[in-house]
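Content type compact mmCIF, C-alpha atoms and all ligand atoms, from the file model31.txt:
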# COMPACT_ATOMS: atom_id res chain seq x y z
CA MET A 866 -12.34 -16.74 16.55
CA ALA A 867 -12.43 -16.21 12.79
CA LYS A 868 -9.76 -18.09 10.86
CA THR A 869 -7.88 -15.45 8.89
CA ALA A 870 -5.22 -16.14 6.27
CA VAL A 871 -2.62 -13.44 5.65
CA LEU A 872 -0.48 -13.98 2.55
CA GLY A 873 2.75 -12.03 2.68
CA ALA A 874 5.00 -11.90 5.75
CA GLY A 875 6.70 -8.61 4.96
CA SER A 876 6.39 -5.45 7.05
CA TRP A 877 2.70 -4.81 6.58
CA GLY A 878 1.47 -8.41 6.35
CA THR A 879 3.22 -9.12 9.66
CA ALA A 880 2.12 -5.90 11.39
CA PHE A 881 -1.50 -6.34 10.26
CA SER A 882 -1.41 -9.95 11.48
CA LEU A 883 -0.59 -8.54 14.90
CA VAL A 884 -3.61 -6.20 14.67
CA LEU A 885 -5.83 -9.14 13.68
CA ALA A 886 -4.48 -11.26 16.51
CA ASP A 887 -5.09 -8.41 18.97
CA ALA A 888 -8.65 -8.21 17.61
CA GLY A 889 -9.18 -11.88 18.54
CA ASN A 890 -8.61 -13.68 15.25
CA ASP A 891 -6.85 -16.98 14.63
CA VAL A 892 -4.17 -15.80 12.17
CA HIS A 893 -2.37 -18.04 9.66
CA LEU A 894 0.44 -16.14 7.99
CA TRP A 895 2.00 -17.28 4.70
CA GLY A 896 5.64 -16.39 4.11
CA ARG A 897 7.55 -17.04 0.90
CA ARG A 898 10.68 -18.15 2.72
CA LYS A 899 10.58 -21.10 5.13
CA GLU A 900 13.28 -19.58 7.34
CA VAL A 901 11.15 -16.48 7.97
CA CYS A 902 8.17 -18.71 8.90
CA ASP A 903 10.35 -20.82 11.20
CA ALA A 904 11.71 -17.69 12.91
CA ILE A 905 8.17 -16.40 13.51
CA ASN A 906 6.99 -19.73 14.96
CA GLN A 907 10.06 -20.31 17.10
CA THR A 908 11.02 -16.80 18.28
CA ARG A 909 7.68 -14.93 17.86
CA GLU A 910 9.58 -12.34 15.86
CA ASN A 911 9.95 -11.52 12.16
CA PRO A 912 13.63 -10.58 12.34
CA GLU A 913 13.91 -9.36 8.79
CA TYR A 914 10.88 -7.08 8.50
CA LEU A 915 9.90 -6.18 12.09
CA PRO A 916 12.87 -6.81 14.35
CA GLY A 917 12.19 -6.29 18.05
CA ILE A 918 8.40 -6.76 17.79
CA LEU A 919 7.00 -9.69 19.80
CA LEU A 920 4.21 -11.36 17.83
CA PRO A 921 1.18 -12.87 19.60
CA GLU A 922 0.98 -16.69 19.98
CA THR A 923 -2.22 -16.76 17.88
CA ILE A 924 -0.17 -16.01 14.74
CA LYS A 925 1.05 -19.22 13.08
CA ALA A 926 3.34 -18.98 10.08
CA SER A 927 3.61 -21.45 7.19
CA HIS A 928 5.02 -21.36 3.70
CA ASP A 929 2.32 -23.71 2.39
CA PRO A 930 -0.55 -21.63 0.91
CA ALA A 931 -2.98 -24.59 0.97
CA VAL A 932 -2.55 -24.97 4.75
CA VAL A 933 -2.86 -21.24 5.37
CA LEU A 934 -5.94 -20.82 3.17
CA ALA A 935 -7.92 -23.93 4.22
CA ASP A 936 -11.29 -22.89 5.78
CA ALA A 937 -10.27 -19.22 6.02
CA GLU A 938 -13.18 -16.83 6.54
CA PHE A 939 -11.03 -13.84 5.62
CA VAL A 940 -8.08 -13.83 3.20
CA VAL A 941 -5.66 -10.91 3.38
CA LEU A 942 -3.21 -10.24 0.55
CA ALA A 943 0.02 -8.35 1.31
CA VAL A 944 2.64 -8.97 -1.36
CA PRO A 945 4.14 -6.29 -3.65
CA SER A 946 1.44 -5.23 -6.13
CA GLN A 947 3.35 -6.26 -9.24
CA GLN A 948 3.75 -9.78 -7.78
CA LEU A 949 0.07 -10.32 -6.94
CA ARG A 950 -1.07 -11.81 -10.25
CA ALA A 951 1.64 -14.48 -10.39
CA ASN A 952 0.96 -15.51 -6.79
CA LEU A 953 -2.82 -15.51 -7.09
CA ARG A 954 -2.62 -17.88 -10.06
CA ASP A 955 -1.34 -20.41 -7.54
CA TRP A 956 -3.41 -19.35 -4.51
CA ALA A 957 -6.84 -18.82 -6.11
CA ARG A 958 -7.83 -22.51 -6.12
CA HIS A 959 -7.24 -22.75 -2.37
CA ILE A 960 -9.35 -19.69 -1.45
CA PRO A 961 -12.69 -20.79 0.07
CA HIS A 962 -15.65 -19.73 -2.10
CA ASP A 963 -17.31 -17.65 0.59
CA ALA A 964 -14.16 -15.99 1.99
CA VAL A 965 -13.87 -12.20 1.89
CA VAL A 966 -10.60 -11.27 0.15
CA VAL A 967 -8.93 -8.16 1.57
CA SER A 968 -6.18 -6.23 -0.19
CA LEU A 969 -3.56 -4.39 1.88
CA MET A 970 -1.66 -3.44 -1.25
CA LYS A 971 -1.13 0.04 -2.67
CA GLY A 972 -0.40 -0.22 -6.36
CA VAL A 973 -1.75 -0.35 -9.91
CA GLU A 974 -0.62 -3.19 -12.15
CA LEU A 975 1.83 -2.31 -14.91
CA GLY A 976 0.57 -3.14 -18.38
CA THR A 977 -3.08 -3.77 -17.43
CA HIS A 978 -3.57 -0.60 -15.28
CA LEU A 979 -5.76 -2.68 -12.97
CA ARG A 980 -6.23 -1.84 -9.31
CA MET A 981 -5.46 -4.67 -6.89
CA SER A 982 -9.15 -5.36 -6.20
CA GLU A 983 -9.64 -5.79 -9.95
CA VAL A 984 -6.73 -8.24 -10.19
CA ILE A 985 -8.26 -10.17 -7.27
CA ALA A 986 -11.71 -10.24 -8.91
CA GLU A 987 -10.23 -11.39 -12.22
CA LEU A 988 -8.18 -14.24 -10.77
CA THR A 989 -10.51 -15.48 -8.01
CA GLY A 990 -13.87 -14.82 -9.65
CA ALA A 991 -15.02 -13.16 -6.41
CA GLY A 992 -17.85 -10.63 -6.79
CA PRO A 993 -17.38 -7.04 -5.55
CA GLU A 994 -19.19 -7.87 -2.28
CA ARG A 995 -16.36 -10.31 -1.45
CA VAL A 996 -13.43 -8.01 -2.27
CA ALA A 997 -12.28 -5.32 0.16
CA VAL A 998 -9.41 -2.97 0.86
CA VAL A 999 -7.74 -1.81 4.07
CA THR A 1000 -5.86 1.46 3.70
CA GLY A 1001 -4.98 4.70 5.45
CA PRO A 1002 -2.06 6.24 7.39
CA ASN A 1003 -0.66 2.93 8.63
CA LEU A 1004 3.13 2.83 8.72
CA ALA A 1005 3.82 -0.78 9.63
CA ARG A 1006 6.30 -0.28 12.46
CA GLU A 1007 4.10 2.23 14.32
CA ILE A 1008 1.12 -0.12 13.99
CA ALA A 1009 3.24 -3.06 15.22
CA GLN A 1010 4.24 -0.95 18.24
CA ARG A 1011 0.52 -0.53 18.92
CA GLU A 1012 0.68 3.23 18.51
CA PRO A 1013 -2.80 4.67 17.89
CA ALA A 1014 -3.96 4.92 14.27
CA ALA A 1015 -7.11 5.08 12.20
CA ALA A 1016 -7.73 3.28 8.92
CA VAL A 1017 -10.37 2.68 6.27
CA VAL A 1018 -11.99 -0.66 5.42
CA ALA A 1019 -13.59 -0.30 2.02
CA CYS A 1020 -16.06 -2.61 0.29
CA VAL A 1021 -18.91 -1.76 -2.07
CA ASP A 1022 -21.12 -3.76 0.29
CA GLU A 1023 -21.49 -1.66 3.44
CA GLY A 1024 -22.50 -4.73 5.48
CA VAL A 1025 -19.26 -6.51 4.56
CA ALA A 1026 -17.28 -3.37 5.39
CA GLN A 1027 -18.94 -3.34 8.83
CA ARG A 1028 -18.01 -7.01 9.37
CA LEU A 1029 -14.42 -6.18 8.51
CA GLN A 1030 -14.50 -3.17 10.81
CA ALA A 1031 -15.35 -5.42 13.77
CA TRP A 1032 -12.80 -8.00 12.58
CA CYS A 1033 -9.81 -5.60 12.83
CA HIS A 1034 -10.82 -3.10 15.53
CA THR A 1035 -8.44 -3.04 18.51
CA PRO A 1036 -7.75 -0.54 21.32
CA ALA A 1037 -4.99 0.97 19.14
CA PHE A 1038 -6.39 0.49 15.62
CA ARG A 1039 -9.62 2.26 14.69
CA PRO A 1040 -11.07 1.35 11.28
CA TYR A 1041 -13.76 3.43 9.53
CA THR A 1042 -15.94 1.99 6.76
CA ASN A 1043 -16.13 3.37 3.22
CA THR A 1044 -17.89 1.99 0.13
CA ASP A 1045 -15.61 3.87 -2.31
CA VAL A 1046 -13.14 1.12 -3.20
CA VAL A 1047 -11.96 2.92 -6.35
CA GLY A 1048 -11.12 6.13 -4.46
CA CYS A 1049 -9.40 4.29 -1.61
CA GLU A 1050 -7.18 2.30 -3.97
CA LEU A 1051 -6.28 5.23 -6.22
CA ALA A 1052 -5.44 7.40 -3.22
CA GLY A 1053 -3.25 4.70 -1.65
CA THR A 1054 -1.40 4.09 -4.89
CA THR A 1055 -0.86 7.70 -5.90
CA LYS A 1056 0.36 8.87 -2.50
CA ASN A 1057 3.41 6.63 -2.90
CA VAL A 1058 4.37 8.48 -6.09
CA ILE A 1059 3.80 11.86 -4.44
CA ALA A 1060 5.93 10.70 -1.48
CA LEU A 1061 8.78 10.00 -3.91
CA ALA A 1062 8.54 13.62 -5.12
CA VAL A 1063 8.48 14.94 -1.54
CA GLY A 1064 11.52 12.80 -0.76
CA VAL A 1065 13.31 14.29 -3.76
CA ALA A 1066 12.61 17.78 -2.38
CA ASP A 1067 13.99 16.63 0.99
CA GLY A 1068 17.09 15.16 -0.65
CA LEU A 1069 17.71 18.37 -2.54
CA GLY A 1070 17.60 20.23 0.77
CA TYR A 1071 14.36 22.16 0.17
CA GLY A 1072 12.22 23.17 3.13
CA ASP A 1073 8.64 22.83 4.28
CA ASN A 1074 7.08 25.22 1.75
CA ALA A 1075 8.25 23.05 -1.13
CA LYS A 1076 7.06 19.87 0.59
CA ALA A 1077 3.64 21.29 1.51
CA SER A 1078 3.21 22.50 -2.06
CA VAL A 1079 4.00 19.06 -3.51
CA ILE A 1080 1.71 17.33 -1.00
CA THR A 1081 -1.20 19.67 -1.73
CA ARG A 1082 -0.81 19.68 -5.50
CA GLY A 1083 -0.32 15.91 -5.31
CA LEU A 1084 -3.67 15.61 -3.59
CA ALA A 1085 -5.21 17.77 -6.34
CA GLU A 1086 -3.81 15.37 -8.98
CA THR A 1087 -5.12 12.37 -7.07
CA ALA A 1088 -8.57 13.92 -6.75
CA ARG A 1089 -8.70 14.70 -10.50
CA LEU A 1090 -7.85 11.09 -11.37
CA GLY A 1091 -10.31 9.82 -8.79
CA LEU A 1092 -13.13 11.99 -10.16
CA ALA A 1093 -12.43 10.81 -13.71
CA MET A 1094 -12.61 7.19 -12.53
CA GLY A 1095 -15.80 7.52 -10.48
CA ALA A 1096 -14.33 7.96 -6.98
CA ASP A 1097 -16.00 10.03 -4.27
CA PRO A 1098 -14.04 13.29 -3.81
CA MET A 1099 -14.66 13.07 -0.04
CA THR A 1100 -12.46 9.95 0.06
CA MET A 1101 -9.53 12.13 -0.99
CA MET A 1102 -10.09 14.38 2.02
CA GLY A 1103 -10.21 11.42 4.40
CA LEU A 1104 -7.83 8.88 5.89
CA ALA A 1105 -7.20 7.03 2.63
CA GLY A 1106 -6.43 10.30 0.83
CA MET A 1107 -5.04 13.18 2.84
CA GLY A 1108 -4.35 11.06 5.93
CA ASP A 1109 -2.11 8.56 4.19
CA LEU A 1110 -0.49 11.22 2.04
CA VAL A 1111 0.51 13.31 5.06
CA ALA A 1112 1.78 10.29 7.04
CA THR A 1113 3.82 8.93 4.16
CA CYS A 1114 5.24 12.26 2.98
CA SER A 1115 6.35 13.31 6.46
CA SER A 1116 7.64 10.05 7.93
CA PRO A 1117 11.23 8.85 8.01
CA LEU A 1118 9.69 5.34 8.12
CA SER A 1119 8.19 5.65 4.64
CA ARG A 1120 10.11 3.60 2.08
CA ASN A 1121 8.77 5.75 -0.76
CA ARG A 1122 9.72 9.09 0.82
CA THR A 1123 13.13 7.69 1.75
CA PHE A 1124 13.64 6.34 -1.78
CA GLY A 1125 12.89 9.82 -3.15
CA GLU A 1126 15.27 11.41 -0.66
CA LYS A 1127 18.07 9.14 -1.84
CA LEU A 1128 17.30 10.06 -5.46
CA GLY A 1129 17.43 13.74 -4.48
CA ARG A 1130 20.83 13.16 -2.94
CA GLY A 1131 22.12 11.74 -6.20
CA MET A 1132 21.82 7.95 -5.86
CA THR A 1133 20.54 6.04 -8.90
CA VAL A 1134 17.38 3.90 -8.95
CA ASP A 1135 19.47 0.73 -9.26
CA GLU A 1136 21.69 1.69 -6.34
CA ILE A 1137 18.69 2.37 -4.10
CA VAL A 1138 16.89 -0.84 -5.12
CA ALA A 1139 20.06 -2.81 -4.36
CA SER A 1140 20.30 -1.18 -0.90
CA THR A 1141 16.96 -2.52 0.45
CA ARG A 1142 14.81 -5.67 0.39
CA GLN A 1143 11.62 -3.74 0.97
CA VAL A 1144 9.25 -2.55 -1.72
CA ALA A 1145 8.74 1.14 -2.58
CA GLU A 1146 5.57 0.72 -4.64
CA GLY A 1147 5.66 4.25 -6.07
CA VAL A 1148 8.69 3.40 -8.21
CA LYS A 1149 6.60 1.12 -10.46
CA SER A 1150 3.28 2.87 -9.85
CA SER A 1151 4.70 6.13 -11.23
CA ASP A 1152 4.46 4.52 -14.67
CA SER A 1153 1.14 2.72 -14.22
CA VAL A 1154 -0.55 5.80 -12.69
CA SER A 1155 0.77 8.19 -15.34
CA GLU A 1156 -0.51 5.81 -18.04
CA LEU A 1157 -3.87 5.57 -16.26
CA ALA A 1158 -4.01 9.39 -16.17
CA ARG A 1159 -3.31 9.58 -19.88
CA LEU A 1160 -6.02 6.99 -20.60
CA HIS A 1161 -8.52 9.10 -18.65
CA GLY A 1162 -7.33 12.44 -20.05
CA VAL A 1163 -6.19 13.67 -16.62
CA ASP A 1164 -3.27 16.03 -16.07
CA MET A 1165 -0.90 14.63 -13.39
CA PRO A 1166 2.36 16.57 -13.76
CA ILE A 1167 3.99 15.48 -10.49
CA VAL A 1168 3.33 11.81 -11.23
CA GLU A 1169 4.59 12.26 -14.80
CA GLN A 1170 7.78 13.96 -13.67
CA VAL A 1171 8.45 11.27 -11.06
CA ALA A 1172 7.98 8.63 -13.77
CA ALA A 1173 10.47 10.49 -16.00
CA LEU A 1174 12.96 10.68 -13.12
CA ILE A 1175 12.62 6.94 -12.42
CA ARG A 1176 13.15 6.16 -16.13
CA GLY A 1177 16.32 8.26 -16.00
CA GLU A 1178 14.91 10.89 -18.36
CA ALA A 1179 15.18 13.77 -15.86
CA THR A 1180 17.38 14.72 -12.93
CA PRO A 1181 15.95 15.62 -9.50
CA LYS A 1182 16.65 19.33 -10.14
CA GLU A 1183 14.97 19.15 -13.55
CA LEU A 1184 11.92 17.52 -11.92
CA VAL A 1185 11.52 20.52 -9.62
CA SER A 1186 12.14 23.15 -12.29
CA MET A 1187 9.73 21.41 -14.71
CA LEU A 1188 7.00 21.61 -12.08
CA VAL A 1189 7.62 25.20 -11.01
CA SER A 1190 7.99 26.58 -14.53
CA ARG A 1191 4.75 25.08 -15.92
CA SER A 1192 2.30 27.54 -17.46
CA PRO A 1193 0.33 29.44 -14.77
CA LYS A 1194 -3.09 27.96 -13.91
CA PRO A 1195 -6.01 28.57 -11.55
CA GLU A 1196 -5.72 26.52 -8.37
CA ILE A 1197 -9.19 25.00 -8.63
CA ARG A 1198 -10.39 23.61 -11.94
N1 LIG A 1201 4.84 -1.30 5.15
C1 LIG A 1201 3.85 -0.47 5.33
O1 LIG A 1201 3.94 0.39 6.21
C2 LIG A 1201 2.62 -0.55 4.50
C3 LIG A 1201 2.60 -1.24 3.30
N2 LIG A 1201 1.47 -1.27 2.54
C4 LIG A 1201 1.42 -2.00 1.29
O2 LIG A 1201 1.45 -3.39 1.56
C5 LIG A 1201 2.01 -4.09 0.45
C6 LIG A 1201 3.10 -5.03 0.96
O3 LIG A 1201 4.11 -4.18 1.47
P1 LIG A 1201 5.08 -4.54 2.66
O4 LIG A 1201 4.63 -5.69 3.48
O5 LIG A 1201 5.34 -3.29 3.35
O6 LIG A 1201 6.36 -4.92 1.78
P2 LIG A 1201 7.74 -5.58 2.23
O7 LIG A 1201 8.71 -5.23 1.19
O8 LIG A 1201 8.01 -5.23 3.64
O9 LIG A 1201 7.40 -7.13 2.18
C7 LIG A 1201 6.98 -7.73 0.98
C8 LIG A 1201 6.69 -9.20 1.24
O10 LIG A 1201 6.36 -9.81 -0.01
C9 LIG A 1201 7.26 -10.89 -0.25
N3 LIG A 1201 7.53 -10.97 -1.68
C10 LIG A 1201 8.38 -10.24 -2.42
N4 LIG A 1201 8.35 -10.66 -3.69
C11 LIG A 1201 7.47 -11.67 -3.73
C12 LIG A 1201 7.01 -12.53 -4.76
N5 LIG A 1201 7.45 -12.44 -6.00
N6 LIG A 1201 6.08 -13.44 -4.43
C13 LIG A 1201 5.61 -13.55 -3.18
N7 LIG A 1201 6.01 -12.80 -2.18
C14 LIG A 1201 6.93 -11.86 -2.45
C15 LIG A 1201 8.52 -10.57 0.55
O11 LIG A 1201 9.23 -11.76 0.83
C16 LIG A 1201 7.90 -9.94 1.78
O12 LIG A 1201 7.45 -10.94 2.68
C17 LIG A 1201 2.52 -3.01 -0.53
O13 LIG A 1201 1.59 -2.85 -1.55
C18 LIG A 1201 2.61 -1.77 0.35
O14 LIG A 1201 2.42 -0.58 -0.39
C19 LIG A 1201 0.33 -0.66 2.94
C20 LIG A 1201 0.29 0.01 4.14
C21 LIG A 1201 1.42 0.11 5.01
O1 LIG A 1202 1.52 2.94 2.97
C1 LIG A 1202 2.23 3.22 3.90
C2 LIG A 1202 1.72 3.95 5.08
O2 LIG A 1202 0.34 4.05 5.09
C3 LIG A 1202 3.66 2.84 3.89
O3 LIG A 1202 4.38 3.69 3.09
P1 LIG A 1202 5.77 3.21 2.45
O4 LIG A 1202 5.44 2.05 1.56
O5 LIG A 1202 6.27 4.41 1.73
O6 LIG A 1202 6.65 2.81 3.60

Could you spell out this file's structure in structure tokens?
Ligand SMILES: NC(=O)C1=CN([C@@H]2O[C@H](COP(=O)(O)OP(=O)(O)OC[C@H]3O[C@@H](n4cnc5c(N)ncnc54)[C@H](O)[C@@H]3O)[C@@H](O)[C@H]2O)C=CC1
Ligand SMILES: O=C(CO)COP(=O)(O)O
Amino acid sequence: MAKTAVLGAGSWGTAFSLVLADAGNDVHLWGRRKEVCDAINQTRENPEYLPGILLPETIKASHDPAVVLADAEFVVLAVPSQQLRANLRDWARHIPHDAVVVSLMKGVELGTHLRMSEVIAELTGAGPERVAVVTGPNLAREIAQREPAAAVVACVDEGVAQRLQAWCHTPAFRPYTNTDVVGCELAGTTKNVIALAVGVADGLGYGDNAKASVITRGLAETARLGLAMGADPMTMMGLAGMGDLVATCSSPLSRNRTFGEKLGRGMTVDEIVASTRQVAEGVKSSDSVSELARLHGVDMPIVEQVAALIRGEATPKELVSMLVSRSPKPEIR
């Protein structure tokens, strides 16, 4: 049984802990709030983030990072992307020097434009062979209900990716390996922004043609950014790219799609943020990804328009008309 530390007891940290427990690991889950940890230990349930899901006995929760991280072979990070740096400043000294650090997060840091694996490398000093990513079409509640799903475990070191594949493979959760960490992270981050745009179309009452068009052109934007940053275009066609984009943009469970839908219906960003405790990463990533695109000279009109909408510089209807009325272009370029 490999000791695994999971830091972040929100929806995905908790659901992935269940996967890891099902795969035979000894899981130590860090939660920010003691009452959430106590509830998990005493009732086997995380009532705030995954109500109604019974968690295996092999998951132990604690709000002490030193206890959770001691002797961990694998360290999984699952806090909101913009909060990672501040937390890692505290956690890094407790992370064992040979542990593999796995990011579950889908975001790009505001200000630095760093991907989560880059933030991890900077703050822990871990080399690329010790930093990995798990991504794909993995809506937390479906995974926690043990519904079948596939995922990607990405590490530049194929051998490490294979170790991680065995570490999280269960009868319901099928991980594939990939060595394209850059592509996996960019795809996971950008799909949240595209899901906001799809949600806006939903909220405005548009149908499936509009949504399919945004999804497909969103994938084209993601692929262009990926290519400019050295990603493998095949990653965009796989689970981390198209798979996650389709799941997120079509699911009522997606926080990003739902956030966009509420915007489309006329709620403000502040009103929506105040209505939920859960993170919709695309709200902040719309800015960091559009800046990243500008830095790399890549055209990402959907991402840019979503960023303008979030900043309050455009209305949902203006977002749609800005996209449709752009100058005509070839589809492939
Ligand atoms: N929920 C899902 O279905 C999936 C989520 N992800 C990604 O996983 C990451 C985590 O998301 P979720 O667990 O879904 O979010 P969540 O909103 O459900 O939970 C976030 C967790 O982080 C904690 N947190 C919030 N602010 C914090 C801070 N300043 N310091 C420390 N902890 C803090 C919260 O207490 C909570 O435990 C995100 O990057 C998300 O995009 C990836 C795949 C699936
Ligand atoms: O990343 C996810 C599914 O793979 C979860 O999407 P949301 O954060 O939009 O809920």

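Minimum atom-to-atom distances from A:Ser1190, A:Gln1010, A:Thr1055, A:Thr1044 to Val1025 (chain A) were compared using only C-alpha atoms, and the lowest value belongs to A:Thr1044.
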
Which residues sit within 9 Å of ligand LIG 1201 (chain A), counting only C-alpha atoms and all ligand atoms, listed as a VMD selection string?
-> chain A and resid 872 to 881 895 to 898 901 913 to 915 942 to 949 951 to 952 968 to 972 999 to 1008 1053 to 1054 1057 1109 1113 1118 to 1121 1141 to 1147

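Comparing A:Arg1130, A:Arg995, A:Lys1056, A:Lys1076 by their smallest distance to ligand LIG 1202 (chain A), the closest is A:Lys1056 (using all atoms listed in the file).
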
Residue with the minimum atom-to-atom distance to Thr1081 (chain A), picked from A:Asp963, A:Glu1196, A:Asp1045, A:Glu1012 with all atoms listed in the file counted, is A:Glu1196

List the neighbours of Pro993 (chain A) out to 8 Å using only C-alpha atoms; skip same-chain residues closer than 2 positions along the sequence, and give me the result as a PDB file with C-alpha atoms, keeping the file's coordinate frame.
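And here's around-v3.pdb as it stands now:
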ATOM      1  CA  ALA A 986     -11.710 -10.240  -8.910  1.00  0.00           C
ATOM      2  CA  ALA A 991     -15.020 -13.160  -6.410  1.00  0.00           C
ATOM      3  CA  ARG A 995     -16.360 -10.310  -1.450  1.00  0.00           C
ATOM      4  CA  VAL A 996     -13.430  -8.010  -2.270  1.00  0.00           C
ATOM      5  CA  ALA A 997     -12.280  -5.320   0.160  1.00  0.00           C
ATOM      6  CA  CYS A1020     -16.060  -2.610   0.290  1.00  0.00           C
ATOM      7  CA  VAL A1021     -18.910  -1.760  -2.070  1.00  0.00           C
ATOM      8  CA  ASP A1022     -21.120  -3.760   0.290  1.00  0.00           C
TER       9      ASP A1022
END

Computed gap from CA of Leu1061 (chain A) to CA of Gly976 (chain A) is 21.2 Å

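For the pair CA of Asp1067 (chain A) and CA of Gly1125 (chain A), the separation is 8.0 Å.
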
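Between CA of Gln1027 (chain A) and CA of Ala957 (chain A) the interatomic distance comes to 24.7 Å.
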
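Of the listed residues (A:Thr1123, A:Thr1087, A:Ser1078, A:Thr977), A:Thr1123 comes nearest to ligand LIG 1202 (chain A); the distances count all atoms listed in the file.
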
Practice item. Please provide as a PyMOL selection string all residues within 12 Å of Ala1052 (chain A), with the sequence filter that same-chain residues fewer than 3 positions apart are discarded (counting only C-alpha atoms). Key: chain A and resi 970-973+980+998-1002+1017+1045-1049+1055-1060+1083-1092+1094+1096-1111+1113+1147+1150+1154

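Closest approach to ligand LIG 1202 (chain A) from the set A:Ala1019, A:Ala1077, A:Leu1157, A:Ala1014 is made by A:Ala1014, with distances taken over only C-alpha atoms and all ligand atoms.
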
Would you compute, for all listed atoms of ligand LIG 1202 (chain A), the axis-aligned bounding box grown by 4 Å on each side, and then report its centre and edge lengths in Å rounded to one decimal, as lines of an AutoDock Vina configuration file?
center_x = 3.5
center_y = 3.2
center_z = 3.3
size_x = 14.3
size_y = 10.4
size_z = 11.5

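Closest approach to ligand LIG 1202 (chain A) among A:Pro1181, A:Gly917, A:Pro930, A:Pro1117 is made by A:Pro1117 (distances from all atoms listed in the file).
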
Taking 5 positions as the minimum chain separation for residues in the same chain, which residues sit within 7 Å of Pro1040 (chain A) when counting all atoms listed in the file? Answer as a short mmCIF file (atom, residue, chain, number, x, y, z; two decimals) with C-alpha atoms, keeping the file's coordinate frame.
data_model
loop_
_atom_site.label_atom_id
_atom_site.label_comp_id
_atom_site.auth_asym_id
_atom_site.auth_seq_id
_atom_site.Cartn_x
_atom_site.Cartn_y
_atom_site.Cartn_z
CA ALA A 1015 -7.11 5.08 12.20
CA ALA A 1016 -7.73 3.28 8.92
CA VAL A 1017 -10.37 2.68 6.27
CA VAL A 1018 -11.99 -0.66 5.42
CA GLN A 1030 -14.50 -3.17 10.81
CA HIS A 1034 -10.82 -3.10 15.53
#

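For Leu953 (chain A), the set of protein, DNA and RNA residues having any atom at most 10 Å away, when counting only C-alpha atoms and skipping those fewer than 5 positions along the same chain, is A:Leu942, A:Gln948, A:Arg958, A:His959, A:Ile960, A:Val984, A:Ile985, A:Glu987, A:Leu988, A:Thr989.
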
Restricting it to C-alpha atoms, dump the selection as a PDB file, in the coordinates of the input.
ATOM      1  CA  LEU A 942      -3.210 -10.240   0.550  1.00  0.00           C
ATOM      2  CA  GLN A 948       3.750  -9.780  -7.780  1.00  0.00           C
ATOM      3  CA  ARG A 958      -7.830 -22.510  -6.120  1.00  0.00           C
ATOM      4  CA  HIS A 959      -7.240 -22.750  -2.370  1.00  0.00           C
ATOM      5  CA  ILE A 960      -9.350 -19.690  -1.450  1.00  0.00           C
ATOM      6  CA  VAL A 984      -6.730  -8.240 -10.190  1.00  0.00           C
ATOM      7  CA  ILE A 985      -8.260 -10.170  -7.270  1.00  0.00           C
ATOM      8  CA  GLU A 987     -10.230 -11.390 -12.220  1.00  0.00           C
ATOM      9  CA  LEU A 988      -8.180 -14.240 -10.770  1.00  0.00           C
ATOM     10  CA  THR A 989     -10.510 -15.480  -8.010  1.00  0.00           C
TER      11      THR A 989
END

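Using all atoms listed in the file, the contacts of Thr869 (chain A) at a cut-off of 9 Å, with sequence neighbours closer than 2 positions omitted, comprise Met866, Ala867, Val871, Ser882, Leu885, Asn890, Asp891, Val892, His893, Leu894, Val933, Leu934, Asp936, Ala937, Glu938, Phe939, Val940 and Val941 of chain A.
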